Each structure stands twice: as C-alpha cells, then as structure tokens.
Amino acid sequence: MAQSPTPTDFVATLRPALRQASAIARALEGRVENEPKSGELRAAKAALTFADTAAQEAILVPLFERFPGVSIEAEEDTATAARFPEGAPTLVVVDPIDGTLHCYLGARGPYAVMAGLARDDRYEAALVALPREQLIFDATRGAGAQCSVGDGAAAPGRAENDGDAVFVSPELPEPIRARLVERGYRPVPASGGAIAVAPLVPSVRAGLRVVVGRKSISTQGRMGLLIAREGGARVLRGNGEPFPDDLHSPAKRIVVAPDERTADDLLWALQAGAS
C-alpha cells in the first residue's frame, strides 16, 4: 500500500521541489509567451505558458516518487499528473504559477508557486513560494508558519505590522482602492497566493482579495490562508467573520491582516464596493 504523507513529511519533500519550480519560473520570465488553454472563457484562467508546465512537473515528479498514492488537483495537464490515482483520502493541490496572466506574464506584481495537502476538506499543510522575492513560506496545522529566504534555512514566520503596502487583486474595484489610499496604504497588485500570505512578507502590511466574475475563491486560492493563520494573521470574510477553514464554502472576499486595526481599515475599504 502506498504511503500517505504526514503534513511534516509533505512539507519536507516539497520545499526543495518548490524551490526548483520557483527557479524554473524565474529563469523563464520574459522568455515565454501565453499559449491559452482551450475551453476557458476567462483570460486569467486560460493563460498558460511552458513555464507553468515545467514548474508543475518539478513539483509532481518528487511527489510521485515519495507519495504515489495521493490524489491530486493540478492546474495543468502534464504527464506526471496522469499517474496519480483518483479518489484517495489525501488530496494534494498544486498551482505551479499562480497569477500567470497578470503577475507572471504581465509583471504587475508578485506571482506564487503553491502546493497544499488536504484531508477531510481542509488543508493540513501548505507551501507558498514567491519567486521574485526569493521567499518560501510553509506551515502545518497547529505547528506555526515558517519562512526561508533564498537557499537559507527555514525560520519562524510571523505576521508583522510593518510597511504600508497591501497586496490586492489586480481587478480590485477603483472605489475600494481609493479608500485604501485614503487610509494611507499603498495597493500593490498580486496573485491570490501572494495575497494570502501578505502579512508575512517583509514590508507588506496586509492582503485584500476581491473575486470578480466568479462565484467563489478557488481551492487553490485558499492554500496560503493556513500559512497566514499559523503565522498569527487574522483571516476574514468581507463581512468581518472568520474566513471558512474548508476548501469549498462560497466566499468572494478575503481580508488578511496582522492586527485588528488593519483589518478594520480593510473592511471599511471594502464597503465602497458593497453590492
């Protein structure tokens, strides 16, 4: 019987894989073009490059070698993705380049490389790499968050109340953006994965995500929230309630903040886009 990973083993196996995938994505920046996926109506979902598929294989190959019995939810249809079984109790979710269209190809802000381990409809471990910033964050449930810089060793990662930058959705409505500026914040477009871990990023205060044109934030978009929680951040819905801990509860807005005051500022800003 194939071994099922513990959260700790999962992180230990995939941290070097994410570092390799990040290096691939970074090396190919500016050298690849969009090759849109067929059947996708939204431009952001249709965006695809050779970097996406190469980075995904860098993650899936070591995952399959160590844990071939898990099921996967992978963003791209690559050769190794087809080798995993369906319906296993342990699910691994992989997004090799989160933010391909706006943040990777468009260079509008930080993109992310992500992998998460889920059981019983919630994440038990997650990793989020920000290749341009040379940061890798990871967490296992109940054990705190970690951050490594470059090739350095992992150290505890904590949400910090520093800086004026707020990572926001590239499609953030202008009235919400204006309110952030009014409160003294500097909105910076970012991928969903980067937004999720924003308060743990040096000189970034918080993250604010608003989904436009879709019913809910995706399974992939929730990966980094485990890291944020384990790092001490507040993770809220747009109405101020705690953001759901499962993979599928409908939600269209995420506030990730290091403290109550910052969270209140972001919730106030969201009122400008209330529908």
# chains A, B, ... in the order shown; residues from 1 in each chain; ligands from 1
>>> select_by_dssp(residues="region 5-252 of chain A", states="strand (DSSP E)", output="compact mmCIF listing (two decimals) with N, CA and C atoms, in the first residue's frame")
# COMPACT_ATOMS: atom_id res chain seq x y z
N SER A 71 -4.20 11.54 -4.27
CA SER A 71 -4.87 12.14 -5.42
C SER A 71 -4.36 13.57 -5.58
N ILE A 72 -4.46 14.09 -6.78
CA ILE A 72 -4.01 15.46 -6.98
C ILE A 72 -5.07 16.29 -7.69
N GLU A 73 -5.03 17.57 -7.40
CA GLU A 73 -5.77 18.58 -8.15
C GLU A 73 -4.72 19.53 -8.68
N ALA A 74 -4.32 19.31 -9.93
CA ALA A 74 -3.23 20.08 -10.52
C ALA A 74 -3.78 21.05 -11.56
N LEU A 91 -5.55 14.50 -0.56
CA LEU A 91 -5.53 15.29 -1.78
C LEU A 91 -4.38 16.28 -1.73
N VAL A 92 -3.63 16.35 -2.82
CA VAL A 92 -2.59 17.37 -2.97
C VAL A 92 -3.02 18.33 -4.07
N VAL A 93 -3.05 19.61 -3.74
CA VAL A 93 -3.45 20.65 -4.68
C VAL A 93 -2.19 21.40 -5.09
N VAL A 94 -2.01 21.58 -6.41
CA VAL A 94 -0.80 22.21 -6.93
C VAL A 94 -1.18 23.31 -7.92
N ASP A 95 -0.58 24.48 -7.74
CA ASP A 95 -0.69 25.56 -8.72
C ASP A 95 0.74 26.02 -9.02
N PRO A 96 1.29 25.62 -10.18
CA PRO A 96 2.71 25.88 -10.45
C PRO A 96 3.06 27.34 -10.64
N ILE A 97 2.16 28.11 -11.24
CA ILE A 97 2.35 29.57 -11.31
C ILE A 97 0.98 30.20 -11.12
N ASP A 98 0.76 30.71 -9.94
CA ASP A 98 -0.49 31.38 -9.60
C ASP A 98 -0.36 32.85 -10.01
N ALA A 112 3.00 33.42 -7.52
CA ALA A 112 3.29 32.42 -6.50
C ALA A 112 3.36 31.03 -7.11
N VAL A 113 4.10 30.15 -6.43
CA VAL A 113 4.14 28.72 -6.72
C VAL A 113 3.62 28.04 -5.46
N MET A 114 2.62 27.14 -5.59
CA MET A 114 1.92 26.67 -4.40
C MET A 114 1.64 25.18 -4.43
N ALA A 115 1.63 24.59 -3.24
CA ALA A 115 1.20 23.20 -3.07
C ALA A 115 0.59 23.04 -1.69
N GLY A 116 -0.48 22.24 -1.60
CA GLY A 116 -1.14 22.04 -0.32
C GLY A 116 -1.59 20.61 -0.14
N LEU A 117 -1.60 20.15 1.09
CA LEU A 117 -2.03 18.81 1.47
C LEU A 117 -3.35 18.91 2.20
N ALA A 118 -4.39 18.23 1.70
CA ALA A 118 -5.72 18.35 2.28
C ALA A 118 -6.29 16.98 2.65
N ARG A 119 -6.96 16.96 3.79
CA ARG A 119 -7.74 15.80 4.22
C ARG A 119 -9.03 16.31 4.82
N ARG A 122 -10.08 20.08 4.30
CA ARG A 122 -9.34 21.24 4.80
C ARG A 122 -7.85 20.98 4.64
N TYR A 123 -7.09 22.06 4.51
CA TYR A 123 -5.65 21.93 4.37
C TYR A 123 -5.00 21.59 5.71
N GLU A 124 -4.08 20.62 5.65
CA GLU A 124 -3.29 20.25 6.81
C GLU A 124 -1.85 20.75 6.69
N ALA A 125 -1.43 21.05 5.48
CA ALA A 125 -0.09 21.60 5.25
C ALA A 125 -0.13 22.39 3.95
N ALA A 126 0.72 23.40 3.84
CA ALA A 126 0.75 24.22 2.64
C ALA A 126 2.11 24.87 2.48
N LEU A 127 2.46 25.11 1.22
CA LEU A 127 3.68 25.84 0.89
C LEU A 127 3.34 26.87 -0.17
N VAL A 128 3.85 28.08 -0.01
CA VAL A 128 3.69 29.15 -1.00
C VAL A 128 5.05 29.80 -1.21
N ALA A 129 5.53 29.77 -2.45
CA ALA A 129 6.79 30.42 -2.81
C ALA A 129 6.49 31.68 -3.62
N LEU A 130 7.24 32.73 -3.36
CA LEU A 130 7.19 33.96 -4.15
C LEU A 130 8.54 34.08 -4.84
N LEU A 135 11.27 34.05 -1.56
CA LEU A 135 10.70 33.64 -0.29
C LEU A 135 9.92 32.34 -0.47
N ILE A 136 10.02 31.45 0.52
CA ILE A 136 9.19 30.26 0.58
C ILE A 136 8.57 30.20 1.98
N PHE A 137 7.24 30.19 2.03
CA PHE A 137 6.51 30.05 3.28
C PHE A 137 5.92 28.65 3.35
N ASP A 138 5.85 28.09 4.55
CA ASP A 138 5.17 26.81 4.72
C ASP A 138 4.58 26.74 6.11
N ALA A 139 3.62 25.84 6.27
CA ALA A 139 3.00 25.64 7.57
C ALA A 139 2.35 24.27 7.61
N THR A 140 2.32 23.67 8.80
CA THR A 140 1.48 22.52 9.08
C THR A 140 0.52 22.92 10.19
N ALA A 145 3.99 28.78 11.33
CA ALA A 145 4.46 29.01 9.97
C ALA A 145 5.97 29.18 9.95
N GLN A 146 6.55 28.89 8.78
CA GLN A 146 7.98 29.08 8.59
C GLN A 146 8.22 29.87 7.30
N CYS A 147 9.38 30.51 7.24
CA CYS A 147 9.77 31.25 6.05
C CYS A 147 11.25 31.02 5.80
N SER A 148 11.61 30.78 4.55
CA SER A 148 13.02 30.72 4.17
C SER A 148 13.28 31.73 3.08
N VAL A 149 14.45 32.32 3.10
CA VAL A 149 14.85 33.33 2.13
C VAL A 149 15.98 32.75 1.28
N ALA A 155 12.94 29.54 9.04
CA ALA A 155 12.84 30.15 10.36
C ALA A 155 11.38 30.49 10.61
N PRO A 156 10.98 30.69 11.87
CA PRO A 156 9.57 31.02 12.14
C PRO A 156 9.10 32.23 11.35
N GLY A 157 7.91 32.13 10.78
CA GLY A 157 7.31 33.23 10.04
C GLY A 157 6.14 33.81 10.81
N ALA A 165 2.38 48.76 2.29
CA ALA A 165 1.89 48.04 1.11
C ALA A 165 0.78 47.07 1.49
N VAL A 166 -0.22 46.98 0.64
CA VAL A 166 -1.28 45.99 0.77
C VAL A 166 -1.36 45.25 -0.57
N PHE A 167 -1.13 43.95 -0.55
CA PHE A 167 -1.30 43.15 -1.76
C PHE A 167 -2.79 43.06 -2.07
N VAL A 168 -3.17 43.39 -3.31
CA VAL A 168 -4.59 43.40 -3.69
C VAL A 168 -4.78 42.67 -5.02
N ARG A 186 -0.72 51.56 0.43
CA ARG A 186 -0.23 51.55 -0.95
C ARG A 186 -0.64 50.22 -1.60
N PRO A 187 -1.72 50.22 -2.40
CA PRO A 187 -2.16 48.98 -3.03
C PRO A 187 -1.15 48.47 -4.06
N VAL A 188 -0.82 47.19 -3.98
CA VAL A 188 0.12 46.55 -4.90
C VAL A 188 -0.58 45.33 -5.50
N PRO A 189 -0.80 45.29 -6.82
CA PRO A 189 -1.43 44.10 -7.42
C PRO A 189 -0.60 42.86 -7.14
N VAL A 204 5.26 44.34 3.90
CA VAL A 204 3.89 44.29 3.40
C VAL A 204 2.96 44.15 4.60
N ARG A 205 1.98 45.05 4.69
CA ARG A 205 1.12 45.09 5.87
C ARG A 205 0.02 44.03 5.82
N ALA A 206 -0.64 43.89 4.64
CA ALA A 206 -1.85 43.08 4.62
C ALA A 206 -2.17 42.64 3.20
N GLY A 207 -3.23 41.83 3.09
CA GLY A 207 -3.71 41.38 1.79
C GLY A 207 -5.21 41.55 1.69
N LEU A 208 -5.69 41.89 0.49
CA LEU A 208 -7.12 42.09 0.26
C LEU A 208 -7.47 41.51 -1.10
N ARG A 209 -8.30 40.48 -1.08
CA ARG A 209 -8.68 39.83 -2.34
C ARG A 209 -10.17 39.97 -2.58
N VAL A 210 -10.50 40.38 -3.80
CA VAL A 210 -11.89 40.50 -4.23
C VAL A 210 -12.04 39.74 -5.54
N ARG A 234 -4.92 37.60 11.05
CA ARG A 234 -6.37 37.50 11.02
C ARG A 234 -6.80 37.23 9.58
N VAL A 235 -7.65 36.23 9.39
CA VAL A 235 -8.13 35.86 8.06
C VAL A 235 -9.65 35.94 8.10
N LEU A 236 -10.22 36.91 7.38
CA LEU A 236 -11.63 37.23 7.50
C LEU A 236 -12.34 37.24 6.15
>>> residues_around(residues="Asp259 (chain A)", least_positions_apart="2", cutoff="12 Å", atoms="only C-alpha atoms", output="number ranges by chain")
A: 158-162, 199, 205-206, 229, 231-236, 255-257, 261-266
>>> write_last_selection(atoms="N, CA and C atoms", output="compact mmCIF listing (two decimals), in the first residue's frame")
# COMPACT_ATOMS: atom_id res chain seq x y z
N ARG A 158 6.10 35.13 10.95
CA ARG A 158 5.04 35.78 11.71
C ARG A 158 4.47 36.96 10.94
N ALA A 159 3.17 37.19 11.10
CA ALA A 159 2.53 38.37 10.54
C ALA A 159 3.02 39.60 11.29
N GLU A 160 3.50 40.59 10.54
CA GLU A 160 4.07 41.79 11.15
C GLU A 160 3.31 43.04 10.70
N ASN A 161 3.17 43.95 11.64
CA ASN A 161 2.51 45.22 11.34
C ASN A 161 3.58 46.22 10.89
N ASP A 162 4.08 46.02 9.66
CA ASP A 162 5.10 46.94 9.15
C ASP A 162 4.82 47.26 7.69
N PRO A 199 0.78 39.42 5.04
CA PRO A 199 1.33 39.99 6.27
C PRO A 199 2.64 39.37 6.73
N ARG A 205 1.98 45.05 4.69
CA ARG A 205 1.12 45.09 5.87
C ARG A 205 0.02 44.03 5.82
N ALA A 206 -0.64 43.89 4.64
CA ALA A 206 -1.85 43.08 4.62
C ALA A 206 -2.17 42.64 3.20
N ARG A 229 -2.80 31.98 8.94
CA ARG A 229 -3.34 31.72 10.28
C ARG A 229 -2.26 31.23 11.22
N GLY A 231 0.75 31.82 11.07
CA GLY A 231 1.68 32.92 11.32
C GLY A 231 1.09 34.03 12.18
N GLY A 232 -0.13 33.83 12.66
CA GLY A 232 -0.74 34.80 13.56
C GLY A 232 -1.60 35.86 12.92
N ALA A 233 -1.86 35.76 11.62
CA ALA A 233 -2.66 36.77 10.94
C ALA A 233 -4.15 36.54 11.16
N ARG A 234 -4.92 37.60 11.05
CA ARG A 234 -6.37 37.50 11.02
C ARG A 234 -6.80 37.23 9.58
N VAL A 235 -7.65 36.23 9.39
CA VAL A 235 -8.13 35.86 8.06
C VAL A 235 -9.65 35.94 8.10
N LEU A 236 -10.22 36.91 7.38
CA LEU A 236 -11.63 37.23 7.50
C LEU A 236 -12.34 37.24 6.15
N VAL A 255 -9.83 39.12 3.65
CA VAL A 255 -9.00 40.11 4.33
C VAL A 255 -7.97 39.36 5.16
N VAL A 256 -6.69 39.65 4.94
CA VAL A 256 -5.61 39.01 5.70
C VAL A 256 -4.80 40.14 6.32
N ALA A 257 -4.82 40.22 7.65
CA ALA A 257 -4.24 41.38 8.34
C ALA A 257 -3.48 40.94 9.59
N ARG A 261 -6.72 46.58 13.99
CA ARG A 261 -6.85 47.91 13.38
C ARG A 261 -6.71 47.84 11.86
N THR A 262 -5.70 47.10 11.38
CA THR A 262 -5.53 46.98 9.94
C THR A 262 -6.71 46.27 9.31
N ALA A 263 -7.20 45.23 9.98
CA ALA A 263 -8.37 44.51 9.46
C ALA A 263 -9.56 45.45 9.34
N ASP A 264 -9.77 46.29 10.35
CA ASP A 264 -10.89 47.23 10.30
C ASP A 264 -10.74 48.21 9.14
N ASP A 265 -9.53 48.66 8.87
CA ASP A 265 -9.29 49.56 7.74
C ASP A 265 -9.67 48.90 6.42
N LEU A 266 -9.27 47.64 6.26
CA LEU A 266 -9.55 46.94 5.01
C LEU A 266 -11.04 46.63 4.87
>>> residues_around(residues="Glu57 (chain A)", least_positions_apart="2", cutoff="8 Å", atoms="only C-alpha atoms", output="ChimeraX atom specification")
/A:53-55,59-61,78-80
>>> write_last_selection(atoms="N, CA, C and O atoms", output="mmCIF file, in the first residue's frame")
data_model
loop_
_atom_site.group_PDB
_atom_site.id
_atom_site.type_symbol
_atom_site.label_atom_id
_atom_site.label_comp_id
_atom_site.auth_asym_id
_atom_site.auth_seq_id
_atom_site.Cartn_x
_atom_site.Cartn_y
_atom_site.Cartn_z
ATOM 1 N N THR A 53 3.917 24.472 -17.089
ATOM 2 C CA THR A 53 4.010 23.022 -17.175
ATOM 3 C C THR A 53 5.353 22.515 -16.648
ATOM 4 O O THR A 53 5.412 21.491 -15.963
ATOM 5 N N ALA A 54 6.436 23.227 -16.934
ATOM 6 C CA ALA A 54 7.745 22.810 -16.438
ATOM 7 C C ALA A 54 7.806 22.910 -14.920
ATOM 8 O O ALA A 54 8.336 22.018 -14.236
ATOM 9 N N ALA A 55 7.271 23.982 -14.364
ATOM 10 C CA ALA A 55 7.269 24.143 -12.912
ATOM 11 C C ALA A 55 6.403 23.078 -12.247
ATOM 12 O O ALA A 55 6.755 22.548 -11.183
ATOM 13 N N ILE A 59 7.412 19.860 -9.396
ATOM 14 C CA ILE A 59 6.743 19.549 -8.130
ATOM 15 C C ILE A 59 6.205 18.123 -8.115
ATOM 16 O O ILE A 59 6.356 17.384 -7.132
ATOM 17 N N LEU A 60 5.571 17.708 -9.216
ATOM 18 C CA LEU A 60 4.884 16.419 -9.227
ATOM 19 C C LEU A 60 5.824 15.224 -9.286
ATOM 20 O O LEU A 60 5.514 14.163 -8.732
ATOM 21 N N VAL A 61 6.962 15.353 -9.952
ATOM 22 C CA VAL A 61 7.872 14.212 -10.058
ATOM 23 C C VAL A 61 8.347 13.751 -8.676
ATOM 24 O O VAL A 61 8.213 12.566 -8.333
ATOM 25 N N THR A 78 -0.228 17.679 -17.185
ATOM 26 C CA THR A 78 1.121 17.253 -17.517
ATOM 27 C C THR A 78 1.226 15.739 -17.374
ATOM 28 O O THR A 78 0.338 15.083 -16.824
ATOM 29 N N ALA A 79 2.334 15.170 -17.866
ATOM 30 C CA ALA A 79 2.493 13.724 -17.913
ATOM 31 C C ALA A 79 2.403 13.087 -16.530
ATOM 32 O O ALA A 79 1.712 12.073 -16.333
ATOM 33 N N THR A 80 3.073 13.659 -15.554
ATOM 34 C CA THR A 80 3.084 13.049 -14.222
ATOM 35 C C THR A 80 1.729 13.187 -13.545
ATOM 36 O O THR A 80 1.344 12.325 -12.741
#
>>> select_by_dssp(residues="region 20-132 of chain A", states="alpha helix (DSSP H)", output="PyMOL selection string")
chain A and resi 20-28+43-46+50-66
>>> residues_around(residues="region 173-179 of chain A", least_positions_apart="5", cutoff="7 Å", atoms="only C-alpha atoms", output="compact mmCIF listing (two decimals) with N, CA, C and O atoms, in the first residue's frame")
# COMPACT_ATOMS: atom_id res chain seq x y z
N PRO A 187 -1.72 50.22 -2.40
CA PRO A 187 -2.16 48.98 -3.03
C PRO A 187 -1.15 48.47 -4.06
O PRO A 187 -0.68 49.23 -4.90
N ALA A 269 -12.66 49.77 3.74
CA ALA A 269 -12.42 49.99 2.32
C ALA A 269 -13.35 49.14 1.47
O ALA A 269 -13.87 49.60 0.42
N LEU A 270 -13.61 47.91 1.91
CA LEU A 270 -14.49 47.01 1.14
C LEU A 270 -15.91 47.53 1.04
O LEU A 270 -16.62 47.20 0.10
N ALA A 272 -16.87 50.25 0.14
CA ALA A 272 -17.04 51.06 -1.09
C ALA A 272 -17.44 50.20 -2.26
O ALA A 272 -17.96 50.71 -3.26
N GLY A 273 -17.21 48.90 -2.18
CA GLY A 273 -17.58 48.01 -3.28
C GLY A 273 -18.69 47.07 -2.92
O GLY A 273 -18.91 46.06 -3.59
>>> closest_residue(among="A:Ala51, A:Ala81, A:Ala251, A:Leu14", to="Leu63 (chain A)", atoms="only C-alpha atoms")
A:Leu14
>>> atom_distance(atom1="CA of Ser218 (chain A)", atom2="CA of Val70 (chain A)")
20.1 Å
>>> residues_around(residues="Pro110 (chain A)", least_positions_apart="3", cutoff="7 Å", atoms="only C-alpha atoms", output="PyMOL selection string")
chain A and resi 103+130+132+190-191+194
>>> write_last_selection(atoms="N, CA, C and O atoms", output="PDB file, in the first residue's frame")
ATOM      1  N   CYS A 103       0.320  38.662 -13.272  1.00  0.00           N
ATOM      2  CA  CYS A 103       1.515  38.848 -12.443  1.00  0.00           C
ATOM      3  C   CYS A 103       2.772  38.220 -13.045  1.00  0.00           C
ATOM      4  O   CYS A 103       3.865  38.746 -12.843  1.00  0.00           O
ATOM      5  N   LEU A 130       7.237  32.726  -3.356  1.00  0.00           N
ATOM      6  CA  LEU A 130       7.189  33.958  -4.153  1.00  0.00           C
ATOM      7  C   LEU A 130       8.543  34.079  -4.843  1.00  0.00           C
ATOM      8  O   LEU A 130       9.520  34.540  -4.243  1.00  0.00           O
ATOM      9  N   ARG A 132      10.064  35.927  -7.255  1.00  0.00           N
ATOM     10  CA  ARG A 132      10.797  37.188  -7.414  1.00  0.00           C
ATOM     11  C   ARG A 132      11.365  37.668  -6.080  1.00  0.00           C
ATOM     12  O   ARG A 132      12.463  38.230  -6.036  1.00  0.00           O
ATOM     13  N   ALA A 190      -1.280  41.733  -6.889  1.00  0.00           N
ATOM     14  CA  ALA A 190      -0.583  40.495  -6.569  1.00  0.00           C
ATOM     15  C   ALA A 190      -1.481  39.310  -6.887  1.00  0.00           C
ATOM     16  O   ALA A 190      -2.709  39.436  -6.990  1.00  0.00           O
ATOM     17  N   SER A 191      -0.874  38.156  -7.034  1.00  0.00           N
ATOM     18  CA  SER A 191      -1.636  36.930  -7.237  1.00  0.00           C
ATOM     19  C   SER A 191      -2.356  36.556  -5.950  1.00  0.00           C
ATOM     20  O   SER A 191      -2.024  37.034  -4.856  1.00  0.00           O
ATOM     21  N   ALA A 194      -0.019  35.174  -3.237  1.00  0.00           N
ATOM     22  CA  ALA A 194       0.758  36.210  -2.556  1.00  0.00           C
ATOM     23  C   ALA A 194      -0.112  36.997  -1.586  1.00  0.00           C
ATOM     24  O   ALA A 194       0.316  37.346  -0.480  1.00  0.00           O
TER      25      ALA A 194
END
>>> atom_distance(atom1="CA of Val211 (chain A)", atom2="CA of Lys252 (chain A)")
5.1 Å
>>> atom_distance(atom1="CA of Ile227 (chain A)", atom2="CA of Val197 (chain A)")
6.7 Å
